[in-house]
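Structure below is my_file27.pdb: PDB, C-alpha atoms, pLDDT in the B column.
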```pdb
ATOM      1  CA  MET E 649      83.485  79.768  83.796  1.00 45.00           C
ATOM      2  CA  ASP E 650      83.229  76.366  85.477  1.00 50.00           C
ATOM      3  CA  THR E 651      85.764  76.237  88.312  1.00 59.00           C
ATOM      4  CA  LYS E 652      86.816  72.774  87.096  1.00 75.00           C
ATOM      5  CA  SER E 653      88.503  74.498  84.150  1.00 93.00           C
ATOM      6  CA  GLU E 654      90.363  76.944  86.396  1.00 97.00           C
ATOM      7  CA  LEU E 655      93.323  76.877  88.747  1.00 97.00           C
ATOM      8  CA  ARG E 656      93.690  79.604  91.369  1.00 97.00           C
ATOM      9  CA  ARG E 657      96.979  80.789  92.792  1.00 97.00           C
ATOM     10  CA  TYR E 658      96.660  82.877  95.955  1.00 97.00           C
ATOM     11  CA  THR E 659      99.800  84.929  96.414  1.00 96.00           C
ATOM     12  CA  SER E 660     101.185  88.399  97.126  1.00 96.00           C
ATOM     13  CA  LEU E 661     101.245  91.478  94.922  1.00 97.00           C
ATOM     14  CA  PRO E 662     105.071  91.409  94.503  1.00 97.00           C
ATOM     15  CA  ALA E 663     104.876  87.759  93.400  1.00 97.00           C
ATOM     16  CA  LEU E 664     102.101  88.612  90.940  1.00 98.00           C
ATOM     17  CA  LEU E 665     104.111  91.457  89.403  1.00 98.00           C
ATOM     18  CA  ARG E 666     107.089  89.140  88.950  1.00 98.00           C
ATOM     19  CA  ILE E 667     104.866  86.555  87.223  1.00 98.00           C
ATOM     20  CA  LEU E 668     103.497  89.172  84.839  1.00 98.00           C
ATOM     21  CA  ARG E 669     106.833  90.828  84.065  1.00 98.00           C
ATOM     22  CA  GLN E 670     108.746  87.549  83.679  1.00 97.00           C
ATOM     23  CA  ARG E 671     105.788  85.784  82.042  1.00 98.00           C
ATOM     24  CA  ALA E 672     106.507  82.722  84.127  1.00 98.00           C
ATOM     25  CA  ILE E 673     105.353  80.880  87.214  1.00 98.00           C
ATOM     26  CA  THR E 674     108.065  79.478  89.483  1.00 97.00           C
ATOM     27  CA  LEU E 675     108.266  76.152  91.302  1.00 98.00           C
ATOM     28  CA  LEU E 676     110.217  76.378  94.578  1.00 97.00           C
ATOM     29  CA  PRO E 677     111.425  74.004  97.332  1.00 96.00           C
ATOM     30  CA  PRO E 678     108.673  73.039  99.812  1.00 95.00           C
ATOM     31  CA  ASP E 679     110.935  73.799 102.794  1.00 91.00           C
ATOM     32  CA  THR E 680     108.896  76.808 103.910  1.00 87.00           C
ATOM     33  CA  TRP E 681     105.415  75.310 103.542  1.00 89.00           C
ATOM     34  CA  ASP E 682     103.201  75.900 106.560  1.00 87.00           C
ATOM     35  CA  ASP E 683     102.029  72.275 106.755  1.00 87.00           C
ATOM     36  CA  GLN E 684     104.872  70.436 108.492  1.00 90.00           C
ATOM     37  CA  ASN E 685     103.416  67.035 107.551  1.00 88.00           C
ATOM     38  CA  ASP E 686     103.446  68.067 103.906  1.00 91.00           C
ATOM     39  CA  ARG E 687     107.051  69.304 104.133  1.00 93.00           C
ATOM     40  CA  GLU E 688     108.231  66.076 105.722  1.00 93.00           C
ATOM     41  CA  LEU E 689     106.426  63.921 103.169  1.00 92.00           C
ATOM     42  CA  MET E 690     108.004  65.847 100.291  1.00 95.00           C
ATOM     43  CA  GLY E 691     111.407  65.502 101.945  1.00 95.00           C
ATOM     44  CA  ALA E 692     110.893  61.766 102.386  1.00 94.00           C
ATOM     45  CA  TYR E 693     109.909  61.449  98.736  1.00 96.00           C
ATOM     46  CA  ALA E 694     113.014  63.325  97.578  1.00 96.00           C
ATOM     47  CA  LYS E 695     115.251  61.161  99.758  1.00 96.00           C
ATOM     48  CA  ALA E 696     113.624  57.891  98.660  1.00 96.00           C
ATOM     49  CA  THR E 697     113.919  58.800  94.971  1.00 96.00           C
ATOM     50  CA  LYS E 698     117.452  60.205  95.419  1.00 97.00           C
ATOM     51  CA  SER E 699     116.289  63.444  93.848  1.00 97.00           C
ATOM     52  CA  LYS E 700     118.797  66.297  93.701  1.00 96.00           C
ATOM     53  CA  THR E 701     115.908  68.636  92.986  1.00 97.00           C
ATOM     54  CA  CYS E 702     112.347  68.558  94.307  1.00 97.00           C
ATOM     55  CA  LEU E 703     110.281  71.659  93.583  1.00 98.00           C
ATOM     56  CA  ALA E 704     106.558  72.305  93.650  1.00 98.00           C
ATOM     57  CA  LEU E 705     103.835  74.898  93.213  1.00 97.00           C
ATOM     58  CA  CYS E 706     100.304  74.610  94.572  1.00 96.00           C
ATOM     59  CA  PHE E 707      96.977  75.826  93.202  1.00 97.00           C
ATOM     60  CA  ALA E 708      93.383  75.646  94.397  1.00 96.00           C
ATOM     61  CA  GLN E 709      90.643  74.088  92.303  1.00 95.00           C
ATOM     62  CA  ALA E 710      87.951  75.202  94.750  1.00 93.00           C
ATOM     63  CA  ALA E 711      85.857  78.276  94.119  1.00 92.00           C
ATOM     64  CA  GLU E 712      86.917  81.468  95.894  1.00 92.00           C
ATOM     65  CA  THR E 713      86.073  81.605  99.592  1.00 91.00           C
ATOM     66  CA  TYR E 714      86.737  83.989 102.465  1.00 91.00           C
ATOM     67  CA  HIS E 715      88.858  81.317 104.117  1.00 90.00           C
ATOM     68  CA  HIS E 716      91.152  80.971 101.088  1.00 92.00           C
ATOM     69  CA  TRP E 717      91.930  84.668 101.337  1.00 94.00           C
ATOM     70  CA  LYS E 718      92.489  84.554 105.097  1.00 92.00           C
ATOM     71  CA  VAL E 719      94.818  81.553 104.922  1.00 90.00           C
ATOM     72  CA  PHE E 720      96.758  82.111 101.703  1.00 92.00           C
ATOM     73  CA  SER E 721      96.624  85.843 100.906  1.00 93.00           C
ATOM     74  CA  PRO E 722      95.658  87.899 103.947  1.00 89.00           C
ATOM     75  CA  GLY E 723      96.144  91.649 104.051  1.00 88.00           C
ATOM     76  CA  ASN E 724      96.140  94.459 101.541  1.00 92.00           C
ATOM     77  CA  ASP E 725      98.784  92.909  99.247  1.00 94.00           C
ATOM     78  CA  GLY E 726      96.959  89.600  98.673  1.00 96.00           C
ATOM     79  CA  VAL E 727      95.923  88.654  95.150  1.00 98.00           C
ATOM     80  CA  CYS E 728      94.449  85.632  93.398  1.00 98.00           C
ATOM     81  CA  ILE E 729      95.487  84.713  89.864  1.00 98.00           C
ATOM     82  CA  VAL E 730      92.903  82.635  88.030  1.00 98.00           C
ATOM     83  CA  PHE E 731      94.521  80.502  85.326  1.00 98.00           C
ATOM     84  CA  ASN E 732      93.004  78.565  82.464  1.00 98.00           C
ATOM     85  CA  LYS E 733      93.682  75.029  83.688  1.00 97.00           C
ATOM     86  CA  ASP E 734      94.176  73.288  80.340  1.00 97.00           C
ATOM     87  CA  LYS E 735      96.467  75.975  78.948  1.00 97.00           C
ATOM     88  CA  LEU E 736      98.582  76.110  82.100  1.00 98.00           C
ATOM     89  CA  ILE E 737      98.928  72.328  82.222  1.00 98.00           C
ATOM     90  CA  SER E 738     100.025  72.314  78.579  1.00 97.00           C
ATOM     91  CA  LYS E 739     102.823  74.763  79.403  1.00 97.00           C
ATOM     92  CA  ALA E 740     103.807  72.755  82.460  1.00 97.00           C
ATOM     93  CA  GLU E 741     104.040  69.495  80.527  1.00 97.00           C
ATOM     94  CA  ALA E 742     106.250  71.212  77.942  1.00 96.00           C
ATOM     95  CA  SER E 743     108.638  72.004  80.832  1.00 95.00           C
ATOM     96  CA  SER E 744     108.713  68.380  82.097  1.00 94.00           C
ATOM     97  CA  ILE E 745     106.459  69.173  85.055  1.00 97.00           C
ATOM     98  CA  ARG E 746     104.384  66.434  86.660  1.00 97.00           C
ATOM     99  CA  HIS E 747     100.962  67.525  87.844  1.00 97.00           C
ATOM    100  CA  GLY E 748      97.811  66.248  89.450  1.00 97.00           C
ATOM    101  CA  ALA E 749      95.066  66.746  91.972  1.00 97.00           C
ATOM    102  CA  VAL E 750      96.028  66.118  95.577  1.00 96.00           C
ATOM    103  CA  ASN E 751      94.560  62.976  97.146  1.00 95.00           C
ATOM    104  CA  TYR E 752      93.347  63.584 100.709  1.00 95.00           C
ATOM    105  CA  LEU E 753      93.736  60.681 103.118  1.00 92.00           C
ATOM    106  CA  THR E 754      92.590  59.969 106.658  1.00 91.00           C
ATOM    107  CA  LEU E 755      95.060  58.592 109.203  1.00 86.00           C
ATOM    108  CA  LYS E 756      93.241  55.260 109.003  1.00 89.00           C
ATOM    109  CA  GLN E 757      93.625  55.151 105.234  1.00 88.00           C
ATOM    110  CA  ILE E 758      97.337  55.860 105.567  1.00 84.00           C
ATOM    111  CA  LYS E 759      97.730  53.010 108.058  1.00 84.00           C
ATOM    112  CA  ASP E 760      95.582  50.551 106.100  1.00 86.00           C
ATOM    113  CA  SER E 761      96.950  51.282 102.656  1.00 85.00           C
ATOM    114  CA  GLN E 762     100.041  53.441 102.317  1.00 83.00           C
ATOM    115  CA  PRO E 763     100.339  55.551  99.152  1.00 87.00           C
ATOM    116  CA  LYS E 764     102.776  54.400  96.476  1.00 91.00           C
ATOM    117  CA  LEU E 765     106.085  56.258  96.409  1.00 94.00           C
ATOM    118  CA  ILE E 766     105.234  58.007  93.138  1.00 94.00           C
ATOM    119  CA  ASP E 767     102.009  59.319  94.692  1.00 93.00           C
ATOM    120  CA  LEU E 768     103.558  60.782  97.851  1.00 93.00           C
ATOM    121  CA  PRO E 769     103.924  64.344  96.471  1.00 95.00           C
ATOM    122  CA  PHE E 770     100.215  64.323  95.687  1.00 96.00           C
ATOM    123  CA  SER E 771      99.044  63.009  99.062  1.00 94.00           C
ATOM    124  CA  LYS E 772      97.845  65.093 101.998  1.00 93.00           C
ATOM    125  CA  ARG E 773      95.881  64.795 105.217  1.00 90.00           C
ATOM    126  CA  THR E 774      92.115  64.976 104.840  1.00 92.00           C
ATOM    127  CA  ALA E 775      91.984  68.011 107.160  1.00 89.00           C
ATOM    128  CA  TYR E 776      93.071  70.088 104.158  1.00 89.00           C
ATOM    129  CA  LYS E 777      90.541  68.693 101.666  1.00 91.00           C
ATOM    130  CA  ASP E 778      88.580  71.946 101.330  1.00 88.00           C
ATOM    131  CA  GLU E 779      91.542  73.415  99.438  1.00 87.00           C
ATOM    132  CA  LYS E 780      90.932  70.988  96.543  1.00 93.00           C
ATOM    133  CA  GLU E 781      94.606  71.445  95.770  1.00 96.00           C
ATOM    134  CA  TYR E 782      96.212  70.848  92.409  1.00 97.00           C
ATOM    135  CA  ARG E 783      99.983  70.512  92.448  1.00 98.00           C
ATOM    136  CA  PHE E 784     102.828  70.963  89.973  1.00 98.00           C
ATOM    137  CA  LEU E 785     106.020  69.013  90.682  1.00 98.00           C
ATOM    138  CA  PHE E 786     109.512  68.962  89.225  1.00 98.00           C
ATOM    139  CA  ASP E 787     111.978  66.395  90.552  1.00 97.00           C
ATOM    140  CA  SER E 788     115.228  65.109  89.117  1.00 96.00           C
ATOM    141  CA  PRO E 789     117.951  62.668  90.258  1.00 95.00           C
ATOM    142  CA  THR E 790     120.527  64.390  88.023  1.00 96.00           C
ATOM    143  CA  GLU E 791     119.670  68.105  87.765  1.00 94.00           C
ATOM    144  CA  THR E 792     120.209  70.590  90.580  1.00 95.00           C
ATOM    145  CA  HIS E 793     117.921  73.617  90.685  1.00 95.00           C
ATOM    146  CA  THR E 794     116.726  75.951  93.415  1.00 96.00           C
ATOM    147  CA  ALA E 795     113.808  77.099  91.247  1.00 97.00           C
ATOM    148  CA  LYS E 796     112.149  76.133  87.990  1.00 97.00           C
ATOM    149  CA  ASP E 797     110.263  78.573  85.761  1.00 97.00           C
ATOM    150  CA  VAL E 798     107.345  77.596  83.560  1.00 97.00           C
ATOM    151  CA  PRO E 799     106.787  80.159  80.784  1.00 97.00           C
ATOM    152  CA  ILE E 800     103.241  81.469  80.445  1.00 97.00           C
ATOM    153  CA  ALA E 801     101.433  83.666  77.945  1.00 96.00           C
ATOM    154  CA  PRO E 802      99.012  86.472  78.904  1.00 97.00           C
ATOM    155  CA  GLU E 803      95.994  84.547  77.595  1.00 96.00           C
ATOM    156  CA  ILE E 804      96.588  81.790  80.171  1.00 97.00           C
ATOM    157  CA  ILE E 805      95.382  84.197  82.890  1.00 98.00           C
ATOM    158  CA  GLU E 806      91.588  84.380  82.943  1.00 97.00           C
ATOM    159  CA  ARG E 807      91.428  87.170  85.515  1.00 98.00           C
ATOM    160  CA  ILE E 808      93.123  88.613  88.586  1.00 98.00           C
ATOM    161  CA  LEU E 809      91.322  89.221  91.861  1.00 98.00           C
ATOM    162  CA  ILE E 810      92.521  91.813  94.356  1.00 97.00           C
ATOM    163  CA  ASN E 811      91.976  91.072  98.034  1.00 96.00           C
ATOM    164  CA  PRO E 812      88.696  92.230  99.592  1.00 94.00           C
ATOM    165  CA  TRP E 813      90.408  94.319 102.306  1.00 94.00           C
ATOM    166  CA  ALA E 814      92.190  96.782 100.021  1.00 94.00           C
ATOM    167  CA  PRO E 815      90.769 100.318 100.238  1.00 94.00           C
ATOM    168  CA  ASP E 816      89.311 101.506  96.948  1.00 95.00           C
ATOM    169  CA  PRO E 817      92.196 103.906  96.104  1.00 96.00           C
ATOM    170  CA  LEU E 818      94.711 101.100  96.669  1.00 96.00           C
ATOM    171  CA  TYR E 819      92.687  98.655  94.587  1.00 96.00           C
ATOM    172  CA  ARG E 820      92.523 101.134  91.709  1.00 97.00           C
ATOM    173  CA  ALA E 821      96.274 101.804  91.914  1.00 97.00           C
ATOM    174  CA  ILE E 822      97.014  98.062  91.848  1.00 97.00           C
ATOM    175  CA  LYS E 823      94.705  97.588  88.874  1.00 98.00           C
ATOM    176  CA  GLU E 824      96.365 100.430  86.961  1.00 98.00           C
ATOM    177  CA  THR E 825      99.803  98.948  87.688  1.00 97.00           C
ATOM    178  CA  ILE E 826      98.768  95.522  86.373  1.00 98.00           C
ATOM    179  CA  LEU E 827      97.180  96.919  83.205  1.00 98.00           C
ATOM    180  CA  ALA E 828     100.309  98.987  82.503  1.00 98.00           C
ATOM    181  CA  ILE E 829     102.442  95.845  82.091  1.00 98.00           C
ATOM    182  CA  ALA E 830     103.112  95.004  78.442  1.00 97.00           C
ATOM    183  CA  GLY E 831     100.927  92.193  77.180  1.00 97.00           C
ATOM    184  CA  PHE E 832      98.454  92.392  80.058  1.00 98.00           C
ATOM    185  CA  GLU E 833      96.630  95.580  79.075  1.00 97.00           C
ATOM    186  CA  GLY E 834      93.397  93.649  78.485  1.00 97.00           C
ATOM    187  CA  THR E 835      93.542  91.463  81.584  1.00 97.00           C
ATOM    188  CA  LYS E 836      90.364  91.306  83.649  1.00 98.00           C
ATOM    189  CA  VAL E 837      91.125  92.726  87.096  1.00 98.00           C
ATOM    190  CA  PHE E 838      88.488  92.855  89.828  1.00 96.00           C
ATOM    191  CA  GLN E 839      88.341  93.257  93.562  1.00 96.00           C
ATOM    192  CA  SER E 840      87.028  90.212  95.419  1.00 95.00           C
ATOM    193  CA  SER E 841      83.493  90.747  96.722  1.00 90.00           C
ATOM    194  CA  VAL E 842      83.476  87.970  99.333  1.00 88.00           C
ATOM    195  CA  ARG E 843      83.204  90.595 102.107  1.00 81.00           C
ATOM    196  CA  ASN E 844      81.080  93.166 100.335  1.00 75.00           C
ATOM    197  CA  ALA E 845      78.798  91.714  97.652  1.00 61.00           C
ATOM    198  CA  ARG E 846      76.268  94.096  96.122  1.00 59.00           C
ATOM    199  CA  ASP E 847      73.436  91.533  96.205  1.00 54.00           C
ATOM    200  CA  TRP E 848      73.908  91.005  99.928  1.00 52.00           C
ATOM    201  CA  ARG E 849      73.972  94.751 100.555  1.00 55.00           C
ATOM    202  CA  GLU E 850      70.726  95.141  98.636  1.00 56.00           C
ATOM    203  CA  LEU E 851      69.170  92.330 100.657  1.00 53.00           C
ATOM    204  CA  ALA E 852      70.222  94.017 103.889  1.00 59.00           C
ATOM    205  CA  ILE E 853      68.778  97.342 102.730  1.00 60.00           C
ATOM    206  CA  LYS E 854      65.502  95.645 101.818  1.00 63.00           C
ATOM    207  CA  TYR E 855      65.034  94.315 105.339  1.00 66.00           C
ATOM    208  CA  ALA E 856      66.520  97.276 107.190  1.00 62.00           C
TER     209      ALA E 856
END
```

Once more with this new file: its structure as structure tokens, please.
Amino acid sequence: MDTKSELRRYTSLPALLRILRQRAITLLPPDTWDDQNDRELMGAYAKATKSKTCLALCFAQAAETYHHWKVFSPGNDGVCIVFNKDKLISKAEASSIRHGAVNYLTLKQIKDSQPKLIDLPFSKRTAYKDEKEYRFLFDSPTETHTAKDVPIAPEIIERILINPWAPDPLYRAIKETILAIAGFEGTKVFQSSVRNARDWRELAIKYA
């Protein structure tokens, strides 16, 4: 499938199991985001709009890379959920969620032409442009929430990738656990091959 029609969520195995069992993705406060600039910008937006609630959830539009795994889901419990973009957006809109691709700006662009207030939650420094981030946002001047669920159906998930570092027995156990969850018995579950692709192994053998 064309990656333009997909959204990828790199996360942990416990978070994945919650998504599957609750059949929902969850927007949370950006307070713990690693990018301090991003956190401060979201905080400034919430203050300027007098929002009682400002929650977000981030996805990658870029194709899978080794660096995505290392940054967002390192270790044996990392997973990547690949969503059908159009179907997920439809569910988000039904839950009053704003959404859009992140616009990456240089420091010069920020100085020369500051983003409009409404665009702040979808603005980020150009150093992060390789993420090709797509963001969901829920903000409200009247409602107070610490989290916001967006219901999903099993068919919204195109496939689930297990991290490339998991030993084979662990990968198989994770796959069995996922397929045992009601409604997700037919989900495509694979282990990422970014570290160990068969074609590359065959090439190495050919020239060995």

Pick out the closest residue to Asp682 (chain E) from this set: E:Leu753, E:Val719, E:Ala814, E:Ala821. Count only C-alpha atoms.
-> E:Val719

Would you mind listing what lies within 8 Å of region 778-795 of chain E as an NGL selection string, with only C-alpha atoms counted and same-chain residues fewer than 4 positions away left out?
-> :E and (655 or 674-677 or 694 or 697-710 or 716 or 740 or 744-750 or 769-770)

Evaluate the PyMOL selection byres ((chain E and resi 834-843) around 6) on the structure here and hand back the selected residues as an MDAnalysis selection string.
-> chainID E and resid 807:812 832:833 844:845

With the file shown as input, list the residues that the PyMOL selection byres ((chain E and resi 730-736) around 7) selects, as a PyMOL selection string.
-> chain E and resi 653-657+728-729+737-740+804-808

Generate the output file for the selected residues, C-alpha atoms, as a PDB file, keeping the file's coordinate frame.
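Listing of out.pdb after writing:
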```
ATOM      1  CA  SER E 653      88.503  74.498  84.150  1.00 93.00           C
ATOM      2  CA  GLU E 654      90.363  76.944  86.396  1.00 97.00           C
ATOM      3  CA  LEU E 655      93.323  76.877  88.747  1.00 97.00           C
ATOM      4  CA  ARG E 656      93.690  79.604  91.369  1.00 97.00           C
ATOM      5  CA  ARG E 657      96.979  80.789  92.792  1.00 97.00           C
ATOM      6  CA  CYS E 728      94.449  85.632  93.398  1.00 98.00           C
ATOM      7  CA  ILE E 729      95.487  84.713  89.864  1.00 98.00           C
ATOM      8  CA  ILE E 737      98.928  72.328  82.222  1.00 98.00           C
ATOM      9  CA  SER E 738     100.025  72.314  78.579  1.00 97.00           C
ATOM     10  CA  LYS E 739     102.823  74.763  79.403  1.00 97.00           C
ATOM     11  CA  ALA E 740     103.807  72.755  82.460  1.00 97.00           C
ATOM     12  CA  ILE E 804      96.588  81.790  80.171  1.00 97.00           C
ATOM     13  CA  ILE E 805      95.382  84.197  82.890  1.00 98.00           C
ATOM     14  CA  GLU E 806      91.588  84.380  82.943  1.00 97.00           C
ATOM     15  CA  ARG E 807      91.428  87.170  85.515  1.00 98.00           C
ATOM     16  CA  ILE E 808      93.123  88.613  88.586  1.00 98.00           C
TER      17      ILE E 808
END
```

6 Å per side around region 705-724 of chain E: axis-aligned box centre and edge lengths, as lines of an AutoDock Vina configuration file:
```
center_x = 94.8
center_y = 84.3
center_z = 98.7
size_x = 30.0
size_y = 32.4
size_z = 24.8
```

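Candidate residues E:Thr825, E:Ser761, E:Ser771, E:Ser660 were compared for distance to Arg687 (chain E), and the nearest is E:Ser771, using all atoms listed in the file.
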
Spatial neighbours of Tyr658 (chain E), max dist 6 Å, only C-alpha atoms, sep filter under 5 positions, as a PyMOL selection string = chain E and resi 720-721+727-728

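Note that CA of Lys652 (chain E) and CA of Pro802 (chain E) are 20.1 Å apart.
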
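Put simply, CA of Lys759 (chain E) is 18.4 Å away from CA of Lys777 (chain E).
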
Could you jot down the CA of Ala742 (chain E) to CA of Pro799 (chain E) separation for me, Å, one decimal place?
-> 9.4 Å

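In this comparison, which uses only C-alpha atoms, the residue of E:Asn724, E:Ser743, E:Gln762, E:Thr680 approaching Pro815 (chain E) most closely is E:Asn724.
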
Output of the PyMOL selection byres ((chain E and resi 665) around 12), listed as an MDAnalysis selection string | chainID E and resid 659:664 666:673 725:729 808 822:823 825:830 832

Pick from E:Trp681, E:Asp686, E:Gly691, E:Gly831, whichever lies nearest to Ala801 (chain E) using all atoms listed in the file = E:Gly831

Between E:Lys695, E:Pro678, E:Asp683, E:Asp816, which has the minimum distance to Ala775 (chain E) (counting only C-alpha atoms)?
-> E:Asp683

N, CA and C atoms are needed for region 790-803 of chain E; please write them out as an mmCIF file, keeping the file's coordinate frame.
```cif
data_model
loop_
_atom_site.group_PDB
_atom_site.id
_atom_site.type_symbol
_atom_site.label_atom_id
_atom_site.label_comp_id
_atom_site.auth_asym_id
_atom_site.auth_seq_id
_atom_site.Cartn_x
_atom_site.Cartn_y
_atom_site.Cartn_z
ATOM 1 N N THR E 790 119.277 63.951 88.653
ATOM 2 C CA THR E 790 120.527 64.390 88.023
ATOM 3 C C THR E 790 120.698 65.910 88.000
ATOM 4 N N GLU E 791 119.594 66.647 87.865
ATOM 5 C CA GLU E 791 119.670 68.105 87.765
ATOM 6 C C GLU E 791 119.547 68.750 89.142
ATOM 7 N N THR E 792 120.277 69.846 89.330
ATOM 8 C CA THR E 792 120.209 70.590 90.580
ATOM 9 C C THR E 792 119.688 71.997 90.308
ATOM 10 N N HIS E 793 118.529 72.295 90.853
ATOM 11 C CA HIS E 793 117.921 73.617 90.685
ATOM 12 C C HIS E 793 117.354 74.080 92.025
ATOM 13 N N THR E 794 117.383 75.377 92.245
ATOM 14 C CA THR E 794 116.726 75.951 93.415
ATOM 15 C C THR E 794 115.362 76.531 93.042
ATOM 16 N N ALA E 795 115.093 76.610 91.745
ATOM 17 C CA ALA E 795 113.808 77.099 91.247
ATOM 18 C C ALA E 795 113.649 76.628 89.812
ATOM 19 N N LYS E 796 112.414 76.549 89.366
ATOM 20 C CA LYS E 796 112.149 76.133 87.990
ATOM 21 C C LYS E 796 111.007 76.970 87.448
ATOM 22 N N ASP E 797 111.273 77.728 86.388
ATOM 23 C CA ASP E 797 110.263 78.573 85.761
ATOM 24 C C ASP E 797 109.493 77.811 84.695
ATOM 25 N N VAL E 798 108.202 78.092 84.633
ATOM 26 C CA VAL E 798 107.345 77.596 83.560
ATOM 27 C C VAL E 798 106.831 78.813 82.801
ATOM 28 N N PRO E 799 107.229 78.989 81.552
ATOM 29 C CA PRO E 799 106.787 80.159 80.784
ATOM 30 C C PRO E 799 105.272 80.163 80.599
ATOM 31 N N ILE E 800 104.673 81.342 80.684
ATOM 32 C CA ILE E 800 103.241 81.469 80.445
ATOM 33 C C ILE E 800 103.001 82.620 79.473
ATOM 34 N N ALA E 801 101.853 82.587 78.828
ATOM 35 C CA ALA E 801 101.433 83.666 77.945
ATOM 36 C C ALA E 801 100.280 84.417 78.612
ATOM 37 N N PRO E 802 100.073 85.688 78.263
ATOM 38 C CA PRO E 802 99.012 86.472 78.904
ATOM 39 C C PRO E 802 97.635 85.816 78.839
ATOM 40 N N GLU E 803 97.332 85.126 77.740
ATOM 41 C CA GLU E 803 95.994 84.547 77.595
ATOM 42 C C GLU E 803 95.738 83.363 78.534
#
```
